[in-house]
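This report refers to the structure that appears directly beneath it.
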Amino acid sequence: MSNAPTPGYPLYSAAEFRRRALNQNGGPVDHSWRDHGDHILNPDIVAMVEGFHLRDAAVLVPVVDDGDEARVIFTKRTANLRKHSGQISFPGGAIDSTDISPEMAAIRETQEEIGIAGSFVETVGRLPHYLAATGFRITPVLGVVRRGFELKPNPREVDDVFEVPLSFLMNPKNHTRDRRLVEGIDRHFYRMPYESWMIWGITAGIVRTLYERLYA
């Protein structure tokens, strides 16, 4: 895939994002997850997590069509949640038995968490799975969101909602590598500080994969 934008599509517009999502770099999304994001940085952890009984989950990567400069929606999870409390995340959660696809799960969870109805979301692809040490196999679903939606954060799950320019997230200069000892294991991860927010962990790993698949 060419990294040059399509004529008439600014590089970080939703239209160009859509084109790149449909024509990604790298191998098939179902088989190339080891080659992306912070999985590359943590082969020992990846090998350990592969042996877990993983529950399937999906998140929406919501790219808002904002003219020449698309923006990406993130949430801050409430402090009382059992998993990833207080962290910055994409809307999403476990795939239920009634969900016929990861796309359906991601859109359902997005509406439940922040009130954006599925009628505002166009799904345009997936990223490779993210295997989380918390026991989930996460499918990141890529979506273009049109303006006109009304945010209605669920107070039981979401403390805050904010947007970050796609151009900021797709600039590798903003991807800082860090490390931390977690339960005796040396874990490497990405951090992406933006204004007063700190994007890191699983969410930053997904953003890094997005960069590698679409903009690197």
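Chain labels follow the order of the structure tokens: the first chain is A, the next B, and so on; residue numbering restarts at 1 in every chain, and ligands are counted from 1 in their shown order.
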Residues at most 9 Å from region 104-121 of chain A, counting only C-alpha atoms, excluding those fewer than 3 positions away in the same chain, as number ranges by chain? A: 57-62, 75, 90-96, 98-101, 139-141, 143-158, 161
Take the residues from that selection and write them out as a compact mmCIF listing (two decimals), in the first residue's frame, keeping N, CA, C and O atoms.
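Writing done, so here's out.txt:
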# COMPACT_ATOMS: atom_id res chain seq x y z
N ALA A 57 -13.31 -10.62 23.13
CA ALA A 57 -13.82 -9.28 23.36
C ALA A 57 -13.59 -8.45 22.10
O ALA A 57 -12.84 -8.85 21.20
N ALA A 58 -14.24 -7.31 22.03
CA ALA A 58 -14.08 -6.41 20.89
C ALA A 58 -14.11 -4.97 21.39
O ALA A 58 -14.82 -4.64 22.34
N VAL A 59 -13.30 -4.13 20.75
CA VAL A 59 -13.35 -2.70 21.02
C VAL A 59 -13.55 -1.99 19.69
O VAL A 59 -13.17 -2.49 18.62
N LEU A 60 -14.14 -0.81 19.76
CA LEU A 60 -14.28 0.04 18.58
C LEU A 60 -13.19 1.11 18.63
O LEU A 60 -12.99 1.76 19.66
N VAL A 61 -12.47 1.25 17.52
CA VAL A 61 -11.55 2.37 17.35
C VAL A 61 -12.33 3.44 16.58
O VAL A 61 -12.43 3.37 15.35
N PRO A 62 -12.94 4.41 17.29
CA PRO A 62 -13.89 5.32 16.66
C PRO A 62 -13.18 6.56 16.09
O PRO A 62 -12.75 7.44 16.83
N THR A 75 -12.13 6.75 26.05
CA THR A 75 -12.83 6.91 27.32
C THR A 75 -11.86 6.72 28.47
O THR A 75 -10.82 6.07 28.33
N PHE A 90 -10.54 2.25 24.59
CA PHE A 90 -11.55 2.38 23.56
C PHE A 90 -12.85 1.77 24.10
O PHE A 90 -12.81 0.86 24.92
N PRO A 91 -14.01 2.24 23.64
CA PRO A 91 -15.25 1.59 24.07
C PRO A 91 -15.30 0.15 23.58
O PRO A 91 -14.90 -0.15 22.45
N GLY A 92 -15.77 -0.73 24.44
CA GLY A 92 -15.84 -2.15 24.05
C GLY A 92 -15.96 -3.04 25.26
O GLY A 92 -16.04 -2.57 26.40
N GLY A 93 -15.98 -4.33 25.01
CA GLY A 93 -16.11 -5.30 26.10
C GLY A 93 -16.23 -6.70 25.56
O GLY A 93 -15.98 -6.96 24.38
N ALA A 94 -16.63 -7.60 26.41
CA ALA A 94 -16.74 -9.02 26.05
C ALA A 94 -17.79 -9.22 24.96
O ALA A 94 -18.81 -8.53 24.91
N ILE A 95 -17.51 -10.17 24.07
CA ILE A 95 -18.48 -10.54 23.04
C ILE A 95 -19.50 -11.49 23.65
O ILE A 95 -19.15 -12.56 24.15
N ASP A 96 -20.77 -11.09 23.61
CA ASP A 96 -21.84 -11.91 24.18
C ASP A 96 -22.30 -12.97 23.19
O ASP A 96 -22.05 -12.87 21.98
N THR A 98 -25.13 -13.38 22.10
CA THR A 98 -26.11 -12.80 21.18
C THR A 98 -25.46 -11.94 20.09
O THR A 98 -26.14 -11.52 19.16
N ASP A 99 -24.16 -11.68 20.21
CA ASP A 99 -23.45 -10.88 19.20
C ASP A 99 -23.06 -11.78 18.04
O ASP A 99 -22.36 -12.78 18.23
N ILE A 100 -23.46 -11.42 16.84
CA ILE A 100 -23.16 -12.28 15.69
C ILE A 100 -21.77 -12.02 15.12
O ILE A 100 -21.30 -12.76 14.26
N SER A 101 -21.09 -10.97 15.60
CA SER A 101 -19.77 -10.63 15.09
C SER A 101 -19.08 -9.70 16.07
O SER A 101 -19.73 -9.05 16.90
N THR A 139 -10.56 -8.11 19.64
CA THR A 139 -10.60 -7.73 18.23
C THR A 139 -10.84 -6.23 18.14
O THR A 139 -11.92 -5.76 18.50
N PRO A 140 -9.86 -5.45 17.68
CA PRO A 140 -10.10 -4.03 17.45
C PRO A 140 -10.84 -3.83 16.12
O PRO A 140 -10.36 -4.23 15.06
N VAL A 141 -12.02 -3.22 16.20
CA VAL A 141 -12.85 -2.94 15.03
C VAL A 141 -12.66 -1.48 14.65
O VAL A 141 -12.81 -0.59 15.50
N GLY A 143 -13.72 1.92 12.91
CA GLY A 143 -14.98 2.55 12.52
C GLY A 143 -14.81 4.02 12.20
O GLY A 143 -14.04 4.72 12.86
N VAL A 144 -15.52 4.48 11.18
CA VAL A 144 -15.62 5.91 10.89
C VAL A 144 -16.95 6.38 11.46
O VAL A 144 -18.01 5.81 11.17
N VAL A 145 -16.89 7.42 12.28
CA VAL A 145 -18.07 7.93 12.98
C VAL A 145 -18.42 9.30 12.42
O VAL A 145 -17.56 10.19 12.36
N ARG A 146 -19.65 9.48 12.00
CA ARG A 146 -20.05 10.79 11.49
C ARG A 146 -20.53 11.67 12.63
O ARG A 146 -21.10 11.18 13.62
N ARG A 147 -20.29 12.95 12.52
CA ARG A 147 -20.75 13.91 13.53
C ARG A 147 -22.27 13.95 13.57
O ARG A 147 -22.95 13.55 12.65
N GLY A 148 -22.78 14.47 14.68
CA GLY A 148 -24.21 14.55 14.90
C GLY A 148 -24.65 13.70 16.08
O GLY A 148 -25.78 13.82 16.56
N PHE A 149 -23.73 12.82 16.56
CA PHE A 149 -24.05 11.98 17.71
C PHE A 149 -24.06 12.81 18.99
O PHE A 149 -23.45 13.88 19.07
N GLU A 150 -24.75 12.30 19.98
CA GLU A 150 -24.77 12.92 21.30
C GLU A 150 -24.14 11.95 22.29
O GLU A 150 -24.58 10.82 22.43
N LEU A 151 -23.09 12.41 22.96
CA LEU A 151 -22.42 11.57 23.95
C LEU A 151 -23.28 11.46 25.21
O LEU A 151 -23.75 12.46 25.75
N LYS A 152 -23.44 10.22 25.68
CA LYS A 152 -24.16 9.95 26.92
C LYS A 152 -23.37 8.90 27.70
O LYS A 152 -23.71 7.72 27.70
N PRO A 153 -22.28 9.34 28.37
CA PRO A 153 -21.45 8.37 29.09
C PRO A 153 -22.23 7.65 30.19
O PRO A 153 -22.99 8.27 30.93
N ASN A 154 -22.04 6.34 30.26
CA ASN A 154 -22.64 5.54 31.32
C ASN A 154 -21.82 5.76 32.58
O ASN A 154 -20.65 5.33 32.65
N PRO A 155 -22.37 6.38 33.62
CA PRO A 155 -21.57 6.71 34.81
C PRO A 155 -21.04 5.52 35.57
O PRO A 155 -20.11 5.64 36.36
N ARG A 156 -21.62 4.34 35.34
CA ARG A 156 -21.11 3.13 36.01
C ARG A 156 -19.82 2.63 35.37
O ARG A 156 -19.08 1.87 35.99
N GLU A 157 -19.57 3.03 34.11
CA GLU A 157 -18.42 2.51 33.39
C GLU A 157 -17.44 3.57 32.93
O GLU A 157 -16.25 3.27 32.77
N VAL A 158 -17.92 4.78 32.71
CA VAL A 158 -17.09 5.80 32.05
C VAL A 158 -17.05 7.07 32.89
O VAL A 158 -18.09 7.66 33.21
N VAL A 161 -14.92 11.22 28.52
CA VAL A 161 -14.74 10.92 27.11
C VAL A 161 -13.97 12.08 26.49
O VAL A 161 -14.26 13.24 26.79
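Scanning region 103-170 of chain A with DSSP on the backbone, the helix (DSSP H, G or I) assignments fall on Glu103, Met104, Ala105, Ala106, Ile107, Arg108, Glu109, Thr110, Gln111, Glu112, Glu113, Ile114, Gly118, Ser119, Phe120, Leu166, Ser167, Phe168 and Leu169 of chain A.
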Fewer than 4 positions away in the same chain doesn't count, so skip those; otherwise give me all residues within 10 Å of region 164-175 of chain A, counting only C-alpha atoms, as an mmCIF file with C-alpha atoms, in the first residue's frame.
data_model
loop_
_atom_site.group_PDB
_atom_site.id
_atom_site.type_symbol
_atom_site.label_atom_id
_atom_site.label_comp_id
_atom_site.auth_asym_id
_atom_site.auth_seq_id
_atom_site.Cartn_x
_atom_site.Cartn_y
_atom_site.Cartn_z
ATOM 1 C CA LEU A 11 -3.564 12.302 4.927
ATOM 2 C CA TYR A 12 -5.381 12.271 8.273
ATOM 3 C CA SER A 13 -8.941 12.648 7.028
ATOM 4 C CA ALA A 14 -11.567 9.998 7.714
ATOM 5 C CA PHE A 17 -8.313 6.470 7.015
ATOM 6 C CA VAL A 63 -12.406 7.721 14.090
ATOM 7 C CA VAL A 64 -14.613 10.789 13.841
ATOM 8 C CA ASP A 66 -13.999 15.928 11.130
ATOM 9 C CA GLU A 69 -8.343 16.257 10.489
ATOM 10 C CA ALA A 70 -10.086 13.167 11.846
ATOM 11 C CA ARG A 71 -10.185 12.641 15.603
ATOM 12 C CA VAL A 72 -10.262 9.472 17.696
ATOM 13 C CA ILE A 73 -12.556 8.943 20.692
ATOM 14 C CA PHE A 74 -11.213 7.512 23.947
ATOM 15 C CA PHE A 189 4.782 -1.059 26.617
ATOM 16 C CA TYR A 190 4.038 2.198 24.802
ATOM 17 C CA ARG A 191 2.965 5.495 26.347
ATOM 18 C CA MET A 192 1.320 8.317 24.390
ATOM 19 C CA PRO A 193 0.779 11.376 26.595
ATOM 20 C CA TYR A 194 -1.700 13.875 25.141
ATOM 21 C CA GLU A 195 -2.559 17.047 27.066
ATOM 22 C CA TRP A 197 -4.244 12.239 29.363
ATOM 23 C CA ILE A 199 -2.684 6.585 26.847
ATOM 24 C CA TRP A 200 -0.746 3.403 27.627
ATOM 25 C CA ALA A 204 -1.524 2.245 23.305
ATOM 26 C CA GLY A 205 -0.600 -1.191 21.928
ATOM 27 C CA VAL A 207 -2.841 2.472 18.570
ATOM 28 C CA ARG A 208 0.696 1.368 17.739
ATOM 29 C CA LEU A 210 -2.973 0.912 13.890
ATOM 30 C CA TYR A 211 0.060 3.017 12.974
ATOM 31 C CA GLU A 212 2.038 -0.011 11.786
ATOM 32 C CA LEU A 214 -2.060 1.888 8.146
ATOM 33 C CA TYR A 215 0.541 4.657 8.312
ATOM 34 C CA ALA A 216 4.063 3.272 8.811
#
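Between CA of Gly37 (chain A) and CA of Ala132 (chain A) lies a distance of 12.2 Å.
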Taking the DSSP assignment computed from this structure's backbone, write out as number ranges by chain all residues of region 3-179 of chain A that belong to strand (DSSP E). A: 55-64, 71-77, 88-89, 92-94, 121-126, 130-132, 136-145, 158-165, 176-179
Requested write-out: C-alpha atoms of the selected residues, as a PDB file, in the first residue's frame:
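Saved file result_6.pdb follows:
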ATOM      1  CA  ARG A  55     -12.471 -14.869  26.422  1.00  0.00           C
ATOM      2  CA  ASP A  56     -13.282 -13.016  23.194  1.00  0.00           C
ATOM      3  CA  ALA A  57     -13.818  -9.276  23.359  1.00  0.00           C
ATOM      4  CA  ALA A  58     -14.079  -6.406  20.894  1.00  0.00           C
ATOM      5  CA  VAL A  59     -13.351  -2.703  21.015  1.00  0.00           C
ATOM      6  CA  LEU A  60     -14.276   0.041  18.585  1.00  0.00           C
ATOM      7  CA  VAL A  61     -11.546   2.371  17.350  1.00  0.00           C
ATOM      8  CA  PRO A  62     -13.889   5.315  16.656  1.00  0.00           C
ATOM      9  CA  VAL A  63     -12.406   7.721  14.090  1.00  0.00           C
ATOM     10  CA  VAL A  64     -14.613  10.789  13.841  1.00  0.00           C
ATOM     11  CA  ARG A  71     -10.185  12.641  15.603  1.00  0.00           C
ATOM     12  CA  VAL A  72     -10.262   9.472  17.696  1.00  0.00           C
ATOM     13  CA  ILE A  73     -12.556   8.943  20.692  1.00  0.00           C
ATOM     14  CA  PHE A  74     -11.213   7.512  23.947  1.00  0.00           C
ATOM     15  CA  THR A  75     -12.831   6.905  27.315  1.00  0.00           C
ATOM     16  CA  LYS A  76     -11.552   6.961  30.852  1.00  0.00           C
ATOM     17  CA  ARG A  77     -12.930   3.988  32.748  1.00  0.00           C
ATOM     18  CA  ILE A  88      -7.795   5.114  29.124  1.00  0.00           C
ATOM     19  CA  SER A  89      -9.486   2.773  26.689  1.00  0.00           C
ATOM     20  CA  GLY A  92     -15.835  -2.148  24.055  1.00  0.00           C
ATOM     21  CA  GLY A  93     -16.111  -5.298  26.097  1.00  0.00           C
ATOM     22  CA  ALA A  94     -16.739  -9.015  26.050  1.00  0.00           C
ATOM     23  CA  VAL A 121     -20.795   4.169  12.793  1.00  0.00           C
ATOM     24  CA  GLU A 122     -19.426   2.697   9.567  1.00  0.00           C
ATOM     25  CA  THR A 123     -17.134  -0.262  10.233  1.00  0.00           C
ATOM     26  CA  VAL A 124     -14.216  -0.331   7.788  1.00  0.00           C
ATOM     27  CA  GLY A 125     -12.021  -3.204   8.951  1.00  0.00           C
ATOM     28  CA  ARG A 126     -10.292  -4.896  11.850  1.00  0.00           C
ATOM     29  CA  TYR A 130      -4.616  -8.177  20.924  1.00  0.00           C
ATOM     30  CA  LEU A 131      -3.987 -10.897  23.518  1.00  0.00           C
ATOM     31  CA  ALA A 132      -4.306  -9.383  26.985  1.00  0.00           C
ATOM     32  CA  PHE A 136      -9.072 -11.571  26.733  1.00  0.00           C
ATOM     33  CA  ARG A 137      -8.532 -11.984  23.006  1.00  0.00           C
ATOM     34  CA  ILE A 138      -9.491  -8.517  21.786  1.00  0.00           C
ATOM     35  CA  THR A 139     -10.597  -7.730  18.233  1.00  0.00           C
ATOM     36  CA  PRO A 140     -10.103  -4.026  17.451  1.00  0.00           C
ATOM     37  CA  VAL A 141     -12.846  -2.944  15.031  1.00  0.00           C
ATOM     38  CA  LEU A 142     -12.090   0.131  12.937  1.00  0.00           C
ATOM     39  CA  GLY A 143     -14.978   2.548  12.516  1.00  0.00           C
ATOM     40  CA  VAL A 144     -15.621   5.908  10.889  1.00  0.00           C
ATOM     41  CA  VAL A 145     -18.073   7.929  12.982  1.00  0.00           C
ATOM     42  CA  VAL A 158     -17.095   5.802  32.052  1.00  0.00           C
ATOM     43  CA  ASP A 159     -15.630   8.738  33.959  1.00  0.00           C
ATOM     44  CA  ASP A 160     -14.838  10.864  30.918  1.00  0.00           C
ATOM     45  CA  VAL A 161     -14.738  10.921  27.108  1.00  0.00           C
ATOM     46  CA  PHE A 162     -12.206  12.839  25.023  1.00  0.00           C
ATOM     47  CA  GLU A 163     -10.849  13.070  21.484  1.00  0.00           C
ATOM     48  CA  VAL A 164      -7.292  13.021  20.149  1.00  0.00           C
ATOM     49  CA  PRO A 165      -6.292  14.086  16.619  1.00  0.00           C
ATOM     50  CA  THR A 176       7.289   6.490  23.905  1.00  0.00           C
ATOM     51  CA  ARG A 177       8.517   3.060  24.978  1.00  0.00           C
ATOM     52  CA  ASP A 178       8.506   2.271  28.679  1.00  0.00           C
ATOM     53  CA  ARG A 179       8.871  -0.743  30.961  1.00  0.00           C
TER      54      ARG A 179
END
Determine, counting only C-alpha atoms, which protein, DNA and RNA residues have an atom within 10 Å of an atom of His39 (chain A); residues of the same chain fewer than 3 positions away are not included. Present the result as a PDB file with N, CA and C atoms, in the first residue's frame.
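Produced file result18.pdb, reproduced below:
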ATOM      1  N   TRP A  33      -1.006 -11.120  14.455  1.00  0.00           N
ATOM      2  CA  TRP A  33      -1.021 -10.315  15.669  1.00  0.00           C
ATOM      3  C   TRP A  33       0.331 -10.307  16.378  1.00  0.00           C
ATOM      4  N   ARG A  34       1.122 -11.381  16.279  1.00  0.00           N
ATOM      5  CA  ARG A  34       2.421 -11.424  16.958  1.00  0.00           C
ATOM      6  C   ARG A  34       3.393 -10.387  16.404  1.00  0.00           C
ATOM      7  N   ASP A  35       3.152  -9.921  15.191  1.00  0.00           N
ATOM      8  CA  ASP A  35       4.104  -9.057  14.491  1.00  0.00           C
ATOM      9  C   ASP A  35       3.827  -7.571  14.684  1.00  0.00           C
ATOM     10  N   HIS A  36       2.941  -7.223  15.617  1.00  0.00           N
ATOM     11  CA  HIS A  36       2.524  -5.830  15.733  1.00  0.00           C
ATOM     12  C   HIS A  36       2.474  -5.360  17.183  1.00  0.00           C
ATOM     13  N   ASN A  42       7.241  -8.086  23.917  1.00  0.00           N
ATOM     14  CA  ASN A  42       7.021  -8.973  25.068  1.00  0.00           C
ATOM     15  C   ASN A  42       6.804 -10.421  24.650  1.00  0.00           C
ATOM     16  N   PRO A  43       7.771 -11.052  23.985  1.00  0.00           N
ATOM     17  CA  PRO A  43       7.548 -12.424  23.504  1.00  0.00           C
ATOM     18  C   PRO A  43       7.277 -13.424  24.627  1.00  0.00           C
ATOM     19  N   ASP A  44       7.900 -13.244  25.789  1.00  0.00           N
ATOM     20  CA  ASP A  44       7.675 -14.184  26.892  1.00  0.00           C
ATOM     21  C   ASP A  44       6.242 -14.083  27.419  1.00  0.00           C
ATOM     22  N   ILE A  45       5.740 -12.855  27.534  1.00  0.00           N
ATOM     23  CA  ILE A  45       4.367 -12.665  28.010  1.00  0.00           C
ATOM     24  C   ILE A  45       3.383 -13.216  26.990  1.00  0.00           C
ATOM     25  N   VAL A  46       3.654 -12.979  25.709  1.00  0.00           N
ATOM     26  CA  VAL A  46       2.779 -13.492  24.653  1.00  0.00           C
ATOM     27  C   VAL A  46       2.704 -15.010  24.720  1.00  0.00           C
ATOM     28  N   ALA A  47       3.840 -15.660  24.889  1.00  0.00           N
ATOM     29  CA  ALA A  47       3.861 -17.123  24.975  1.00  0.00           C
ATOM     30  C   ALA A  47       3.049 -17.614  26.169  1.00  0.00           C
ATOM     31  N   TYR A 130      -5.509  -8.523  19.828  1.00  0.00           N
ATOM     32  CA  TYR A 130      -4.616  -8.177  20.924  1.00  0.00           C
ATOM     33  C   TYR A 130      -4.884  -9.173  22.040  1.00  0.00           C
ATOM     34  N   LEU A 131      -3.850  -9.929  22.437  1.00  0.00           N
ATOM     35  CA  LEU A 131      -3.987 -10.897  23.518  1.00  0.00           C
ATOM     36  C   LEU A 131      -3.574 -10.235  24.825  1.00  0.00           C
ATOM     37  N   ALA A 132      -4.535 -10.092  25.730  1.00  0.00           N
ATOM     38  CA  ALA A 132      -4.306  -9.383  26.985  1.00  0.00           C
ATOM     39  C   ALA A 132      -4.048 -10.354  28.116  1.00  0.00           C
ATOM     40  N   HIS A 188       7.217  -4.532  28.721  1.00  0.00           N
ATOM     41  CA  HIS A 188       7.508  -3.358  27.899  1.00  0.00           C
ATOM     42  C   HIS A 188       6.204  -2.890  27.244  1.00  0.00           C
ATOM     43  N   PHE A 189       6.027  -1.577  27.169  1.00  0.00           N
ATOM     44  CA  PHE A 189       4.782  -1.059  26.617  1.00  0.00           C
ATOM     45  C   PHE A 189       5.020   0.340  26.046  1.00  0.00           C
ATOM     46  N   GLY A 205      -1.028  -0.098  22.804  1.00  0.00           N
ATOM     47  CA  GLY A 205      -0.600  -1.191  21.928  1.00  0.00           C
ATOM     48  C   GLY A 205      -1.460  -1.284  20.682  1.00  0.00           C
ATOM     49  N   THR A 209      -0.358  -0.603  16.769  1.00  0.00           N
ATOM     50  CA  THR A 209      -0.683  -1.530  15.688  1.00  0.00           C
ATOM     51  C   THR A 209      -1.391  -0.801  14.552  1.00  0.00           C
TER      52      THR A 209
END
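Rounded to one decimal, CA of Arg213 (chain A) and CA of His129 (chain A) lie 12.6 Å from each other.
For the atom pair formed by CA of Ser32 (chain A) and CA of Gln87 (chain A), the distance is 26.3 Å, given to one decimal.
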